[in-house]
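Okay, data-v6.pdb now, which holds PDB, C-alpha atoms, pLDDT in the B column:
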ATOM      1  CA  MET A  22       0.000   0.000   0.000  1.00 39.00           C
ATOM      2  CA  THR A  23       1.391   3.396  -0.951  1.00 42.00           C
ATOM      3  CA  ALA A  24       1.216   6.507   1.196  1.00 42.00           C
ATOM      4  CA  ALA A  25      -1.300   8.018  -1.222  1.00 41.00           C
ATOM      5  CA  THR A  26      -3.819   5.176  -0.956  1.00 42.00           C
ATOM      6  CA  PRO A  27      -5.658   6.308   2.224  1.00 42.00           C
ATOM      7  CA  THR A  28      -6.116   9.834   0.838  1.00 43.00           C
ATOM      8  CA  THR A  29      -7.564   8.465  -2.396  1.00 47.00           C
ATOM      9  CA  ALA A  30      -9.830   6.027  -0.580  1.00 57.00           C
ATOM     10  CA  LEU A  31     -11.248   8.763   1.627  1.00 85.00           C
ATOM     11  CA  ALA A  32     -11.562  11.472  -0.996  1.00 94.00           C
ATOM     12  CA  LEU A  33     -15.067  12.312   0.278  1.00 98.00           C
ATOM     13  CA  ALA A  34     -14.451  12.024   4.010  1.00 97.00           C
ATOM     14  CA  GLY A  35     -16.663  14.505   5.847  1.00 97.00           C
ATOM     15  CA  ARG A  36     -18.864  15.077   2.794  1.00 98.00           C
ATOM     16  CA  ARG A  37     -22.583  14.319   2.501  1.00 98.00           C
ATOM     17  CA  ALA A  38     -23.804  12.787  -0.751  1.00 98.00           C
ATOM     18  CA  LEU A  39     -27.323  12.338  -2.102  1.00 98.00           C
ATOM     19  CA  VAL A  40     -27.998   9.649  -4.723  1.00 98.00           C
ATOM     20  CA  THR A  41     -31.371   9.283  -6.434  1.00 98.00           C
ATOM     21  CA  GLY A  42     -32.707   6.040  -7.834  1.00 98.00           C
ATOM     22  CA  ALA A  43     -30.512   4.251  -5.315  1.00 98.00           C
ATOM     23  CA  ALA A  44     -32.529   1.070  -4.681  1.00 98.00           C
ATOM     24  CA  SER A  45     -30.863  -0.903  -7.461  1.00 96.00           C
ATOM     25  CA  GLY A  46     -28.618  -0.800 -10.513  1.00 95.00           C
ATOM     26  CA  ILE A  47     -26.443   2.234 -11.105  1.00 97.00           C
ATOM     27  CA  GLY A  48     -27.762   4.142  -8.087  1.00 98.00           C
ATOM     28  CA  ALA A  49     -26.942   1.313  -5.697  1.00 98.00           C
ATOM     29  CA  ALA A  50     -23.456   0.974  -7.168  1.00 98.00           C
ATOM     30  CA  VAL A  51     -22.857   4.734  -6.904  1.00 98.00           C
ATOM     31  CA  ALA A  52     -24.043   4.791  -3.285  1.00 98.00           C
ATOM     32  CA  ALA A  53     -21.667   1.955  -2.435  1.00 98.00           C
ATOM     33  CA  ARG A  54     -18.716   3.615  -4.130  1.00 98.00           C
ATOM     34  CA  LEU A  55     -19.260   7.050  -2.546  1.00 98.00           C
ATOM     35  CA  SER A  56     -19.606   5.397   0.853  1.00 98.00           C
ATOM     36  CA  GLU A  57     -16.283   3.626   0.265  1.00 98.00           C
ATOM     37  CA  ASP A  58     -14.780   7.022  -0.514  1.00 98.00           C
ATOM     38  CA  GLY A  59     -15.838   8.277   2.914  1.00 98.00           C
ATOM     39  CA  ALA A  60     -19.086  10.117   2.206  1.00 98.00           C
ATOM     40  CA  GLU A  61     -22.193  10.002   4.375  1.00 98.00           C
ATOM     41  CA  VAL A  62     -24.585   8.734   1.729  1.00 98.00           C
ATOM     42  CA  HIS A  63     -28.292   9.527   1.561  1.00 98.00           C
ATOM     43  CA  LEU A  64     -30.209   7.209  -0.750  1.00 98.00           C
ATOM     44  CA  LEU A  65     -33.468   8.289  -2.410  1.00 98.00           C
ATOM     45  CA  ASP A  66     -35.934   5.964  -4.105  1.00 98.00           C
ATOM     46  CA  ARG A  67     -39.666   5.277  -4.142  1.00 97.00           C
ATOM     47  CA  ASP A  68     -38.939   1.557  -3.536  1.00 98.00           C
ATOM     48  CA  GLU A  69     -39.067   1.456   0.268  1.00 98.00           C
ATOM     49  CA  GLU A  70     -37.839  -2.116   0.680  1.00 98.00           C
ATOM     50  CA  GLY A  71     -35.132  -1.818  -1.958  1.00 98.00           C
ATOM     51  CA  VAL A  72     -33.665   1.458  -0.763  1.00 98.00           C
ATOM     52  CA  ALA A  73     -33.652   0.281   2.861  1.00 98.00           C
ATOM     53  CA  LYS A  74     -31.775  -2.875   1.855  1.00 98.00           C
ATOM     54  CA  VAL A  75     -29.114  -1.008  -0.116  1.00 98.00           C
ATOM     55  CA  ALA A  76     -28.764   1.647   2.605  1.00 98.00           C
ATOM     56  CA  ALA A  77     -28.059  -1.071   5.164  1.00 98.00           C
ATOM     57  CA  GLN A  78     -25.434  -2.599   2.888  1.00 98.00           C
ATOM     58  CA  VAL A  79     -23.578   0.687   2.330  1.00 98.00           C
ATOM     59  CA  HIS A  80     -24.150   2.127   5.828  1.00 98.00           C
ATOM     60  CA  GLY A  81     -26.203   4.925   4.329  1.00 98.00           C
ATOM     61  CA  ILE A  82     -29.445   6.682   5.162  1.00 98.00           C
ATOM     62  CA  PRO A  83     -32.575   5.743   3.152  1.00 98.00           C
ATOM     63  CA  HIS A  84     -35.295   8.169   2.090  1.00 97.00           C
ATOM     64  CA  VAL A  85     -38.507   7.018   0.416  1.00 98.00           C
ATOM     65  CA  VAL A  86     -39.458   9.724  -2.058  1.00 97.00           C
ATOM     66  CA  ASP A  87     -41.465   9.923  -5.274  1.00 98.00           C
ATOM     67  CA  LEU A  88     -39.360  12.354  -7.310  1.00 98.00           C
ATOM     68  CA  THR A  89     -42.264  13.133  -9.620  1.00 98.00           C
ATOM     69  CA  ASP A  90     -43.925  14.831  -6.627  1.00 97.00           C
ATOM     70  CA  GLU A  91     -42.608  18.385  -6.379  1.00 97.00           C
ATOM     71  CA  ARG A  92     -43.940  18.816  -2.831  1.00 96.00           C
ATOM     72  CA  ALA A  93     -42.036  15.728  -1.689  1.00 96.00           C
ATOM     73  CA  ILE A  94     -38.812  17.200  -3.039  1.00 96.00           C
ATOM     74  CA  GLU A  95     -39.461  20.515  -1.317  1.00 94.00           C
ATOM     75  CA  ALA A  96     -39.891  18.685   2.004  1.00 94.00           C
ATOM     76  CA  LEU A  97     -36.434  17.087   1.861  1.00 93.00           C
ATOM     77  CA  ASP A  98     -33.419  18.210   3.890  1.00 87.00           C
ATOM     78  CA  LEU A  99     -30.927  18.759   1.096  1.00 90.00           C
ATOM     79  CA  ASP A 100     -27.858  20.197   2.795  1.00 96.00           C
ATOM     80  CA  VAL A 101     -25.379  18.030   0.884  1.00 98.00           C
ATOM     81  CA  ASP A 102     -22.009  18.412  -0.802  1.00 98.00           C
ATOM     82  CA  VAL A 103     -22.576  15.911  -3.626  1.00 98.00           C
ATOM     83  CA  LEU A 104     -25.730  15.384  -5.663  1.00 98.00           C
ATOM     84  CA  VAL A 105     -25.976  12.439  -8.047  1.00 98.00           C
ATOM     85  CA  ASN A 106     -29.075  12.638 -10.234  1.00 98.00           C
ATOM     86  CA  ASN A 107     -29.562   9.062 -11.340  1.00 98.00           C
ATOM     87  CA  ALA A 108     -33.257   8.121 -11.108  1.00 98.00           C
ATOM     88  CA  GLY A 109     -34.799   7.147 -14.420  1.00 96.00           C
ATOM     89  CA  ILE A 110     -37.410   5.063 -16.180  1.00 95.00           C
ATOM     90  CA  GLN A 111     -37.925   4.007 -19.771  1.00 92.00           C
ATOM     91  CA  HIS A 112     -40.808   3.524 -22.164  1.00 93.00           C
ATOM     92  CA  VAL A 113     -40.492   2.323 -25.748  1.00 90.00           C
ATOM     93  CA  ALA A 114     -43.185   3.174 -28.312  1.00 94.00           C
ATOM     94  CA  PRO A 115     -43.576   4.926 -31.673  1.00 96.00           C
ATOM     95  CA  LEU A 116     -44.190   8.648 -31.271  1.00 97.00           C
ATOM     96  CA  GLU A 117     -47.768   8.470 -32.553  1.00 98.00           C
ATOM     97  CA  ASP A 118     -48.560   5.820 -29.931  1.00 97.00           C
ATOM     98  CA  PHE A 119     -46.581   7.343 -27.064  1.00 98.00           C
ATOM     99  CA  ASP A 120     -48.869   8.095 -24.137  1.00 98.00           C
ATOM    100  CA  PRO A 121     -48.619  11.829 -23.306  1.00 98.00           C
ATOM    101  CA  GLU A 122     -48.979  11.174 -19.572  1.00 98.00           C
ATOM    102  CA  ARG A 123     -46.082   8.710 -19.692  1.00 98.00           C
ATOM    103  CA  PHE A 124     -44.041  11.333 -21.567  1.00 98.00           C
ATOM    104  CA  ARG A 125     -44.768  13.917 -18.842  1.00 98.00           C
ATOM    105  CA  THR A 126     -43.882  11.462 -16.075  1.00 98.00           C
ATOM    106  CA  ILE A 127     -40.515  10.602 -17.642  1.00 98.00           C
ATOM    107  CA  HIS A 128     -39.651  14.286 -17.991  1.00 98.00           C
ATOM    108  CA  ALA A 129     -40.823  15.006 -14.452  1.00 98.00           C
ATOM    109  CA  LEU A 130     -38.524  12.331 -13.060  1.00 98.00           C
ATOM    110  CA  MET A 131     -35.517  12.708 -15.330  1.00 98.00           C
ATOM    111  CA  LEU A 132     -35.353  16.457 -16.008  1.00 98.00           C
ATOM    112  CA  HIS A 133     -37.665  18.439 -13.749  1.00 98.00           C
ATOM    113  CA  ALA A 134     -36.614  16.603 -10.571  1.00 98.00           C
ATOM    114  CA  PRO A 135     -32.868  17.152 -11.220  1.00 98.00           C
ATOM    115  CA  PHE A 136     -33.639  20.847 -11.704  1.00 98.00           C
ATOM    116  CA  LEU A 137     -35.591  20.995  -8.438  1.00 98.00           C
ATOM    117  CA  LEU A 138     -32.903  19.109  -6.519  1.00 98.00           C
ATOM    118  CA  ALA A 139     -30.117  21.262  -7.952  1.00 98.00           C
ATOM    119  CA  ARG A 140     -31.804  24.528  -7.012  1.00 97.00           C
ATOM    120  CA  ARG A 141     -32.192  23.219  -3.461  1.00 97.00           C
ATOM    121  CA  VAL A 142     -28.596  22.040  -2.960  1.00 98.00           C
ATOM    122  CA  LEU A 143     -26.737  24.844  -4.727  1.00 98.00           C
ATOM    123  CA  PRO A 144     -27.110  27.572  -2.051  1.00 98.00           C
ATOM    124  CA  GLY A 145     -25.426  25.384   0.569  1.00 98.00           C
ATOM    125  CA  MET A 146     -22.684  24.364  -1.843  1.00 98.00           C
ATOM    126  CA  TYR A 147     -22.072  28.004  -2.743  1.00 98.00           C
ATOM    127  CA  ALA A 148     -21.895  28.962   0.917  1.00 98.00           C
ATOM    128  CA  ARG A 149     -19.271  26.282   1.598  1.00 98.00           C
ATOM    129  CA  GLY A 150     -17.364  26.997  -1.592  1.00 98.00           C
ATOM    130  CA  TRP A 151     -17.449  23.358  -2.709  1.00 98.00           C
ATOM    131  CA  GLY A 152     -19.936  21.101  -4.419  1.00 98.00           C
ATOM    132  CA  ARG A 153     -20.211  18.338  -6.998  1.00 99.00           C
ATOM    133  CA  LEU A 154     -23.233  17.636  -9.154  1.00 99.00           C
ATOM    134  CA  VAL A 155     -23.031  14.512 -11.281  1.00 99.00           C
ATOM    135  CA  HIS A 156     -25.945  13.663 -13.526  1.00 98.00           C
ATOM    136  CA  VAL A 157     -26.194  10.094 -14.787  1.00 98.00           C
ATOM    137  CA  SER A 158     -27.201  10.839 -18.337  1.00 98.00           C
ATOM    138  CA  SER A 159     -26.785   8.411 -21.212  1.00 97.00           C
ATOM    139  CA  ILE A 160     -25.335   8.133 -24.660  1.00 96.00           C
ATOM    140  CA  HIS A 161     -28.932   9.044 -25.500  1.00 96.00           C
ATOM    141  CA  GLY A 162     -28.059  12.510 -24.244  1.00 97.00           C
ATOM    142  CA  HIS A 163     -25.913  12.768 -27.394  1.00 97.00           C
ATOM    143  CA  ARG A 164     -27.470  10.268 -29.795  1.00 96.00           C
ATOM    144  CA  ALA A 165     -31.046   9.349 -30.579  1.00 96.00           C
ATOM    145  CA  SER A 166     -32.773   6.001 -30.902  1.00 93.00           C
ATOM    146  CA  ALA A 167     -36.168   5.422 -32.426  1.00 94.00           C
ATOM    147  CA  TYR A 168     -39.180   4.860 -30.160  1.00 94.00           C
ATOM    148  CA  LYS A 169     -37.620   6.619 -27.128  1.00 96.00           C
ATOM    149  CA  SER A 170     -38.888  10.165 -27.559  1.00 98.00           C
ATOM    150  CA  ALA A 171     -39.340  10.897 -23.847  1.00 98.00           C
ATOM    151  CA  TYR A 172     -36.091   9.320 -22.659  1.00 98.00           C
ATOM    152  CA  VAL A 173     -33.920  10.843 -25.391  1.00 98.00           C
ATOM    153  CA  SER A 174     -35.383  14.329 -25.031  1.00 98.00           C
ATOM    154  CA  ALA A 175     -35.089  14.191 -21.219  1.00 98.00           C
ATOM    155  CA  LYS A 176     -31.434  13.144 -21.426  1.00 98.00           C
ATOM    156  CA  HIS A 177     -30.670  15.875 -23.967  1.00 98.00           C
ATOM    157  CA  GLY A 178     -32.289  18.350 -21.580  1.00 98.00           C
ATOM    158  CA  LEU A 179     -30.240  17.015 -18.670  1.00 98.00           C
ATOM    159  CA  GLU A 180     -27.042  17.599 -20.642  1.00 98.00           C
ATOM    160  CA  GLY A 181     -28.052  21.228 -21.174  1.00 98.00           C
ATOM    161  CA  LEU A 182     -29.071  21.692 -17.540  1.00 98.00           C
ATOM    162  CA  SER A 183     -25.706  20.376 -16.386  1.00 99.00           C
ATOM    163  CA  LYS A 184     -23.848  22.850 -18.593  1.00 98.00           C
ATOM    164  CA  VAL A 185     -25.871  25.787 -17.246  1.00 99.00           C
ATOM    165  CA  ILE A 186     -25.147  24.720 -13.656  1.00 99.00           C
ATOM    166  CA  ALA A 187     -21.458  24.417 -14.557  1.00 99.00           C
ATOM    167  CA  LEU A 188     -21.370  28.000 -15.827  1.00 98.00           C
ATOM    168  CA  GLU A 189     -23.234  29.413 -12.836  1.00 98.00           C
ATOM    169  CA  GLY A 190     -21.157  27.497 -10.279  1.00 98.00           C
ATOM    170  CA  ALA A 191     -17.743  27.947 -11.844  1.00 98.00           C
ATOM    171  CA  ASP A 192     -16.635  30.805  -9.585  1.00 98.00           C
ATOM    172  CA  LYS A 193     -18.185  29.265  -6.471  1.00 98.00           C
ATOM    173  CA  GLY A 194     -16.260  25.981  -6.213  1.00 98.00           C
ATOM    174  CA  VAL A 195     -19.094  23.909  -7.700  1.00 98.00           C
ATOM    175  CA  THR A 196     -18.764  21.624 -10.701  1.00 99.00           C
ATOM    176  CA  SER A 197     -21.463  19.926 -12.763  1.00 99.00           C
ATOM    177  CA  ASN A 198     -20.833  17.061 -15.155  1.00 99.00           C
ATOM    178  CA  THR A 199     -22.653  14.147 -16.729  1.00 98.00           C
ATOM    179  CA  VAL A 200     -21.766  10.490 -17.073  1.00 98.00           C
ATOM    180  CA  CYS A 201     -23.073   9.014 -20.308  1.00 98.00           C
ATOM    181  CA  PRO A 202     -23.049   5.222 -20.454  1.00 97.00           C
ATOM    182  CA  GLY A 203     -24.363   3.040 -23.211  1.00 93.00           C
ATOM    183  CA  TYR A 204     -26.575   0.147 -22.198  1.00 88.00           C
ATOM    184  CA  VAL A 205     -25.891  -0.832 -18.585  1.00 91.00           C
ATOM    185  CA  ARG A 206     -26.650  -4.170 -16.954  1.00 83.00           C
ATOM    186  CA  THR A 207     -29.574  -2.912 -14.851  1.00 82.00           C
ATOM    187  CA  PRO A 208     -33.240  -3.799 -14.257  1.00 76.00           C
ATOM    188  CA  LEU A 209     -34.134  -0.811 -16.479  1.00 70.00           C
ATOM    189  CA  VAL A 210     -32.364  -2.330 -19.484  1.00 72.00           C
ATOM    190  CA  GLU A 211     -33.524  -5.860 -18.736  1.00 69.00           C
ATOM    191  CA  GLY A 212     -37.076  -4.569 -18.586  1.00 67.00           C
ATOM    192  CA  GLN A 213     -36.779  -3.166 -22.115  1.00 67.00           C
ATOM    193  CA  LEU A 214     -36.163  -6.485 -23.811  1.00 68.00           C
ATOM    194  CA  ALA A 215     -39.798  -7.461 -24.316  1.00 69.00           C
ATOM    195  CA  ASP A 216     -40.804  -3.946 -25.430  1.00 69.00           C
ATOM    196  CA  GLN A 217     -37.892  -3.747 -27.864  1.00 70.00           C
ATOM    197  CA  ALA A 218     -38.671  -7.192 -29.268  1.00 71.00           C
ATOM    198  CA  ARG A 219     -42.291  -6.230 -29.892  1.00 69.00           C
ATOM    199  CA  THR A 220     -41.478  -2.804 -31.348  1.00 71.00           C
ATOM    200  CA  HIS A 221     -38.664  -3.978 -33.638  1.00 68.00           C
ATOM    201  CA  GLY A 222     -40.298  -7.282 -34.565  1.00 75.00           C
ATOM    202  CA  VAL A 223     -37.438  -9.539 -33.443  1.00 72.00           C
ATOM    203  CA  PRO A 224     -37.306 -12.425 -30.951  1.00 73.00           C
ATOM    204  CA  GLU A 225     -36.598 -11.321 -27.383  1.00 62.00           C
ATOM    205  CA  ASP A 226     -33.420 -13.406 -27.168  1.00 61.00           C
ATOM    206  CA  GLU A 227     -32.007 -11.467 -30.140  1.00 70.00           C
ATOM    207  CA  VAL A 228     -32.696  -7.968 -28.809  1.00 70.00           C
ATOM    208  CA  LEU A 229     -29.379  -7.535 -27.000  1.00 73.00           C
ATOM    209  CA  ASP A 230     -27.172  -8.152 -30.035  1.00 72.00           C
ATOM    210  CA  SER A 231     -29.398  -7.021 -32.893  1.00 62.00           C
ATOM    211  CA  VAL A 232     -30.949  -3.924 -31.277  1.00 68.00           C
ATOM    212  CA  LEU A 233     -29.308  -2.710 -28.053  1.00 73.00           C
ATOM    213  CA  LEU A 234     -25.678  -3.392 -28.993  1.00 79.00           C
ATOM    214  CA  ALA A 235     -26.062  -3.067 -32.765  1.00 80.00           C
ATOM    215  CA  ARG A 236     -24.172   0.256 -32.865  1.00 83.00           C
ATOM    216  CA  THR A 237     -21.657  -0.570 -30.107  1.00 86.00           C
ATOM    217  CA  PRO A 238     -18.205  -1.856 -31.173  1.00 89.00           C
ATOM    218  CA  LEU A 239     -17.615  -3.325 -27.703  1.00 88.00           C
ATOM    219  CA  LYS A 240     -20.266  -6.029 -27.668  1.00 82.00           C
ATOM    220  CA  ARG A 241     -21.053  -6.069 -23.975  1.00 83.00           C
ATOM    221  CA  LEU A 242     -23.195  -4.227 -21.465  1.00 87.00           C
ATOM    222  CA  VAL A 243     -21.585  -1.635 -19.209  1.00 92.00           C
ATOM    223  CA  GLU A 244     -21.462  -2.764 -15.587  1.00 95.00           C
ATOM    224  CA  PRO A 245     -23.023  -0.512 -12.902  1.00 97.00           C
ATOM    225  CA  GLU A 246     -19.704  -0.415 -11.048  1.00 98.00           C
ATOM    226  CA  GLU A 247     -18.040   1.163 -14.093  1.00 98.00           C
ATOM    227  CA  VAL A 248     -20.530   4.018 -13.980  1.00 98.00           C
ATOM    228  CA  ALA A 249     -19.993   4.347 -10.231  1.00 98.00           C
ATOM    229  CA  ASP A 250     -16.244   4.637 -10.787  1.00 98.00           C
ATOM    230  CA  ALA A 251     -16.842   7.455 -13.266  1.00 98.00           C
ATOM    231  CA  VAL A 252     -19.084   9.285 -10.793  1.00 98.00           C
ATOM    232  CA  ALA A 253     -16.469   8.899  -8.061  1.00 98.00           C
ATOM    233  CA  PHE A 254     -13.796  10.267 -10.388  1.00 98.00           C
ATOM    234  CA  LEU A 255     -15.851  13.395 -11.086  1.00 98.00           C
ATOM    235  CA  CYS A 256     -16.161  13.940  -7.322  1.00 98.00           C
ATOM    236  CA  SER A 257     -12.435  13.443  -6.729  1.00 97.00           C
ATOM    237  CA  PRO A 258      -9.559  15.953  -6.635  1.00 97.00           C
ATOM    238  CA  ALA A 259      -8.399  14.579  -9.998  1.00 97.00           C
ATOM    239  CA  ALA A 260     -11.462  16.134 -11.681  1.00 98.00           C
ATOM    240  CA  THR A 261     -11.271  19.600 -10.103  1.00 97.00           C
ATOM    241  CA  SER A 262     -10.907  21.243 -13.517  1.00 97.00           C
ATOM    242  CA  MET A 263     -13.709  19.267 -15.141  1.00 98.00           C
ATOM    243  CA  THR A 264     -17.044  21.022 -15.343  1.00 98.00           C
ATOM    244  CA  GLY A 265     -19.688  21.246 -18.026  1.00 98.00           C
ATOM    245  CA  SER A 266     -18.307  18.014 -19.456  1.00 98.00           C
ATOM    246  CA  SER A 267     -19.769  14.648 -20.433  1.00 98.00           C
ATOM    247  CA  LEU A 268     -17.834  11.532 -19.524  1.00 98.00           C
ATOM    248  CA  VAL A 269     -18.876   8.977 -22.136  1.00 98.00           C
ATOM    249  CA  LEU A 270     -18.820   5.216 -21.455  1.00 96.00           C
ATOM    250  CA  ASP A 271     -20.524   3.962 -24.590  1.00 94.00           C
ATOM    251  CA  GLY A 272     -18.278   1.170 -25.853  1.00 93.00           C
ATOM    252  CA  GLY A 273     -17.421   3.199 -28.943  1.00 93.00           C
ATOM    253  CA  TRP A 274     -21.016   3.877 -30.014  1.00 90.00           C
ATOM    254  CA  SER A 275     -20.435   7.610 -30.576  1.00 92.00           C
ATOM    255  CA  ALA A 276     -17.178   6.953 -32.462  1.00 91.00           C
ATOM    256  CA  ALA A 277     -18.928   5.038 -35.217  1.00 81.00           C
TER
END

Could you express the structure from this file as structure tokens?
Amino acid sequence: MTAATPTTALALAGRRALVTGAASGIGAAVAARLSEDGAEVHLLDRDEEGVAKVAAQVHGIPHVVDLTDERAIEALDLDVDVLVNNAGIQHVAPLEDFDPERFRTIHALMLHAPFLLARRVLPGMYARGWGRLVHVSSIHGHRASAYKSAYVSAKHGLEGLSKVIALEGADKGVTSNTVCPGYVRTPLVEGQLADQARTHGVPEDEVLDSVLLARTPLKRLVEPEEVADAVAFLCSPAATSMTGSSLVLDGGWSAA
């Protein structure tokens, strides 16, 4: 073990972090990683059982919140140093068949809620002269796929929101960046298989290779821990000069 290892391992010692969508998948992996880095981690999810289980595993503090409910967000104690906007859902359908209420719900969760959370945490971060906002976006924040009008437009909006926060926080010690993975091995992606099979007219067991990974040179799903590592990097001293950026983990999709 080198002398630098303890400092790196405890890069967030004394910091409070808030992770949304933390009951499973990417959010759970991020919560675990930030806890390992020394942060007091607050986990938000509407899944009471799931978020309690993950919180116990990472020695964090669970909060059961529906992030599509603006009043629930306003009731939260959000005096934190790190905000990770991760919560998301997906719906796959042609635009003419896309339910408008489902569209509104996806935007409420994936764009409006990050805005509401950011405006709540920023004053405290500004007062302390330090803060990190990391938004788990997607390669769909930079590229489009058919039948995902709500998800793609929400992620594009999140990329723009992050850049605005980066500009406003630049002289106050606050950075804002996005992490943009391709398809990650999560319940969200696994839940798409049947919808994608029906929409594209292919057997469900062919969806992964012929649809999800069709444009990805690296023919594998991204692991949640890889995304968590990227989030931790953006919260670390090594990323002090990174703000308004997108860290892309897409297996080469955007290079093609």

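Nearest to Ala139 in chain A of all the residues A:Ile82, A:Val105, A:Ala165, A:Met263 is A:Val105, based on only C-alpha atoms.
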
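Shell of Gly273 in chain A at 7 Å, with all atoms listed in the file counted and residues fewer than 4 places along the chain excluded, is Thr237, Pro238, Leu239 and Ala277 of chain A.
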
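Relative to CA of Arg153 in chain A, CA of Ala53 in chain A is found at 17.1 Å.
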
task = Around the point (-18.3, 11.5, 4.7) in the file's coordinates, collect all residues with an atom within 8 Å, using only C-alpha atoms, and return them as an MDAnalysis selection string.
result = chainID A and resid 33:38 56 58:62

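The space separating CA of Gly81 in chain A from CA of Leu268 in chain A comes to 26.1 Å.
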
task = Identify, on the basis of only C-alpha atoms, every residue whose closest approach to Tyr168 in chain A does not exceed 8 Å; exclude the query and any residue fewer than 2 positions from it along the same chain; express the result as a PyMOL selection string.
result = chain A and resi 113-116+166+170
